[in-house]
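Peer 1: First the structure, then my questions, so here it is.
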Amino acid sequence: MMVLASCLILGDSHADGTAAAVRAALGNRCTVVARAGIGSAAILDRTPAGSYGSAVISAGANDAGNPHLADNLNAIRGKLQVGKVVWLLPYDRRATAAIENVAKRWGDLVIDLAWARARRDGIHCQSYSWVARSIARAGYAGSVRMAF
């Protein structure tokens, strides 16, 4: 019998920042597999086998021009045994169409990071607390309820 873990946060630096914000708000309740600067193929290689109630995925920001991006995103999603998934759309708009198509295919939710103010680098959020609150309110950060 496989144990269903509460949640998974998977991906690049946006996943890492989101995980830190979720930890700050909820404690360390999600499994985190994230590394800054990695592309979708590396995320696919690191996607864990296992079952999760929910997952937050950030992939595509570091390889938006990759002709294999959509295939990698579909493979990431297909590898996961998960109840529900939310994808983070990066500031780089070249990746959003591929991510949105994959999310739609699987019936997943998307959260657009463009709603959060970007740092001067134009790549990262000034604060991931809004992202953490958004995923928690939608039930993607485990079963613990957050007070806002």
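Ligands are numbered from 1 in the order shown, chains are lettered A, B, ... in the order of the structure tokens, and residues start at 1 in each chain.
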Would you mind writing down, as a PyMOL selection string, each residue of segment 32-87 of chain A that DSSP on the backbone assigns to strand (DSSP E or B)?
Peer 2: chain A and resi 32-34+51-58+81-87
Peer 1: Quick one: pick out all helix (DSSP H, G or I) residues within segment 2-108 of chain A from a backbone DSSP run and write them as a ChimeraX atom specification.
Peer 2: /A:13-26,40-46,69-79,93-106
Peer 1: Using only C-alpha atoms, which protein or nucleic acid residues come within 12 Å of His68 of chain A? Drop anything in the same chain fewer than 4 positions from it, and give the result as a PDB file with all heavy atoms, in the first residue's frame.
Peer 2:
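Contents of the output file out.pdb:
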```
ATOM      1  N   GLY A  39      16.239  23.516 -15.965  1.00  0.00           N
ATOM      2  CA  GLY A  39      15.233  23.487 -17.021  1.00  0.00           C
ATOM      3  C   GLY A  39      14.288  22.316 -16.856  1.00  0.00           C
ATOM      4  O   GLY A  39      14.413  21.491 -15.941  1.00  0.00           O
ATOM      5  N   SER A  40      13.359  22.229 -17.789  1.00  0.00           N
ATOM      6  CA  SER A  40      12.309  21.212 -17.703  1.00  0.00           C
ATOM      7  C   SER A  40      12.837  19.776 -17.797  1.00  0.00           C
ATOM      8  O   SER A  40      12.302  18.883 -17.135  1.00  0.00           O
ATOM      9  CB  SER A  40      11.251  21.465 -18.771  1.00  0.00           C
ATOM     10  OG  SER A  40      11.817  21.475 -20.068  1.00  0.00           O
ATOM     11  N   ALA A  41      13.886  19.537 -18.572  1.00  0.00           N
ATOM     12  CA  ALA A  41      14.443  18.178 -18.664  1.00  0.00           C
ATOM     13  C   ALA A  41      15.047  17.747 -17.325  1.00  0.00           C
ATOM     14  O   ALA A  41      14.860  16.600 -16.896  1.00  0.00           O
ATOM     15  CB  ALA A  41      15.488  18.093 -19.770  1.00  0.00           C
ATOM     16  N   LEU A  44      12.230  17.005 -14.963  1.00  0.00           N
ATOM     17  CA  LEU A  44      11.691  15.678 -15.278  1.00  0.00           C
ATOM     18  C   LEU A  44      12.558  14.589 -14.647  1.00  0.00           C
ATOM     19  O   LEU A  44      12.036  13.646 -14.032  1.00  0.00           O
ATOM     20  CB  LEU A  44      11.599  15.477 -16.788  1.00  0.00           C
ATOM     21  CG  LEU A  44      11.168  14.101 -17.278  1.00  0.00           C
ATOM     22  CD1 LEU A  44       9.799  13.708 -16.729  1.00  0.00           C
ATOM     23  CD2 LEU A  44      11.175  14.069 -18.806  1.00  0.00           C
ATOM     24  N   GLY A  60       9.831  25.593 -16.880  1.00  0.00           N
ATOM     25  CA  GLY A  60       9.745  26.307 -18.142  1.00  0.00           C
ATOM     26  C   GLY A  60      10.369  27.686 -18.133  1.00  0.00           C
ATOM     27  O   GLY A  60      10.679  28.232 -19.188  1.00  0.00           O
ATOM     28  N   ASP A  63      13.931  27.486 -19.649  1.00  0.00           N
ATOM     29  CA  ASP A  63      14.106  26.966 -21.006  1.00  0.00           C
ATOM     30  C   ASP A  63      12.872  27.250 -21.863  1.00  0.00           C
ATOM     31  O   ASP A  63      12.388  26.397 -22.595  1.00  0.00           O
ATOM     32  CB  ASP A  63      14.476  25.486 -20.999  1.00  0.00           C
ATOM     33  CG  ASP A  63      13.462  24.572 -20.322  1.00  0.00           C
ATOM     34  OD1 ASP A  63      12.589  25.060 -19.596  1.00  0.00           O
ATOM     35  OD2 ASP A  63      13.552  23.347 -20.520  1.00  0.00           O
ATOM     36  N   ALA A  64      12.413  28.486 -21.777  1.00  0.00           N
ATOM     37  CA  ALA A  64      11.198  28.901 -22.492  1.00  0.00           C
ATOM     38  C   ALA A  64      11.319  28.703 -24.003  1.00  0.00           C
ATOM     39  O   ALA A  64      10.333  28.425 -24.671  1.00  0.00           O
ATOM     40  CB  ALA A  64      10.867  30.349 -22.177  1.00  0.00           C
ATOM     41  N   ASN A  72       8.416  17.901 -22.385  1.00  0.00           N
ATOM     42  CA  ASN A  72       8.964  17.734 -21.036  1.00  0.00           C
ATOM     43  C   ASN A  72       7.898  17.992 -19.972  1.00  0.00           C
ATOM     44  O   ASN A  72       7.801  17.251 -18.996  1.00  0.00           O
ATOM     45  CB  ASN A  72      10.156  18.670 -20.818  1.00  0.00           C
ATOM     46  CG  ASN A  72      11.370  18.275 -21.628  1.00  0.00           C
ATOM     47  OD1 ASN A  72      11.487  17.156 -22.103  1.00  0.00           O
ATOM     48  ND2 ASN A  72      12.288  19.207 -21.800  1.00  0.00           N
ATOM     49  N   LEU A  73       7.100  19.046 -20.174  1.00  0.00           N
ATOM     50  CA  LEU A  73       6.042  19.370 -19.214  1.00  0.00           C
ATOM     51  C   LEU A  73       5.016  18.248 -19.132  1.00  0.00           C
ATOM     52  O   LEU A  73       4.597  17.849 -18.028  1.00  0.00           O
ATOM     53  CB  LEU A  73       5.363  20.687 -19.595  1.00  0.00           C
ATOM     54  CG  LEU A  73       6.244  21.936 -19.587  1.00  0.00           C
ATOM     55  CD1 LEU A  73       5.472  23.122 -20.146  1.00  0.00           C
ATOM     56  CD2 LEU A  73       6.795  22.234 -18.203  1.00  0.00           C
ATOM     57  N   ASN A  74       4.610  17.722 -20.271  1.00  0.00           N
ATOM     58  CA  ASN A  74       3.668  16.593 -20.281  1.00  0.00           C
ATOM     59  C   ASN A  74       4.257  15.370 -19.598  1.00  0.00           C
ATOM     60  O   ASN A  74       3.555  14.652 -18.881  1.00  0.00           O
ATOM     61  CB  ASN A  74       3.256  16.245 -21.712  1.00  0.00           C
ATOM     62  CG  ASN A  74       2.049  17.018 -22.163  1.00  0.00           C
ATOM     63  OD1 ASN A  74       1.023  17.013 -21.497  1.00  0.00           O
ATOM     64  ND2 ASN A  74       2.160  17.688 -23.294  1.00  0.00           N
ATOM     65  N   ALA A  75       5.541  15.126 -19.815  1.00  0.00           N
ATOM     66  CA  ALA A  75       6.197  13.976 -19.184  1.00  0.00           C
ATOM     67  C   ALA A  75       6.288  14.156 -17.667  1.00  0.00           C
ATOM     68  O   ALA A  75       6.093  13.191 -16.916  1.00  0.00           O
ATOM     69  CB  ALA A  75       7.579  13.764 -19.790  1.00  0.00           C
ATOM     70  N   ALA A  95       7.000  30.819 -22.266  1.00  0.00           N
ATOM     71  CA  ALA A  95       6.725  29.504 -21.678  1.00  0.00           C
ATOM     72  C   ALA A  95       5.258  29.317 -21.301  1.00  0.00           C
ATOM     73  O   ALA A  95       4.791  28.185 -21.182  1.00  0.00           O
ATOM     74  CB  ALA A  95       7.596  29.287 -20.444  1.00  0.00           C
ATOM     75  N   ALA A  98       2.795  26.950 -23.455  1.00  0.00           N
ATOM     76  CA  ALA A  98       3.062  25.517 -23.298  1.00  0.00           C
ATOM     77  C   ALA A  98       2.548  25.020 -21.949  1.00  0.00           C
ATOM     78  O   ALA A  98       1.919  23.951 -21.867  1.00  0.00           O
ATOM     79  CB  ALA A  98       4.553  25.233 -23.442  1.00  0.00           C
TER      80      ALA A  98
END
```
Peer 1: For a test of reading the model, state the distance in Å between atom CA of Asp12 of chain A and atom CA of Val102 of chain A, rounded to one decimal.
Peer 2: 17.4 Å
Peer 1: So what do you get for atom CA of Trp87 of chain A versus atom CA of Cys30 of chain A, distance-wise?
Peer 2: 15.6 Å
Peer 1: In Å, rounded to a single decimal, give me how far atom CA of Ser58 of chain A is from atom CA of Ser129 of chain A.
Peer 2: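 Atom-to-atom, atom CA of Ser129 of chain A to atom CA of Ser58 of chain A, that is 15.5 Å.
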Peer 1: List the spatial neighbours of Gly139 of chain A as a list in words - criterion: any atom at most 12 Å away, only C-alpha atoms, same-chain residues fewer than 5 positions off excluded.
Peer 2: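 Skipping anything fewer than 5 positions along the chain leaves Ser6, Cys7, Gly53, Ser54, Ala55, Val56, Gly83, Lys84, Val85, Val86, Leu109, Ala132, Arg133, Ser134, Val144, Arg145 and Met146 of chain A.
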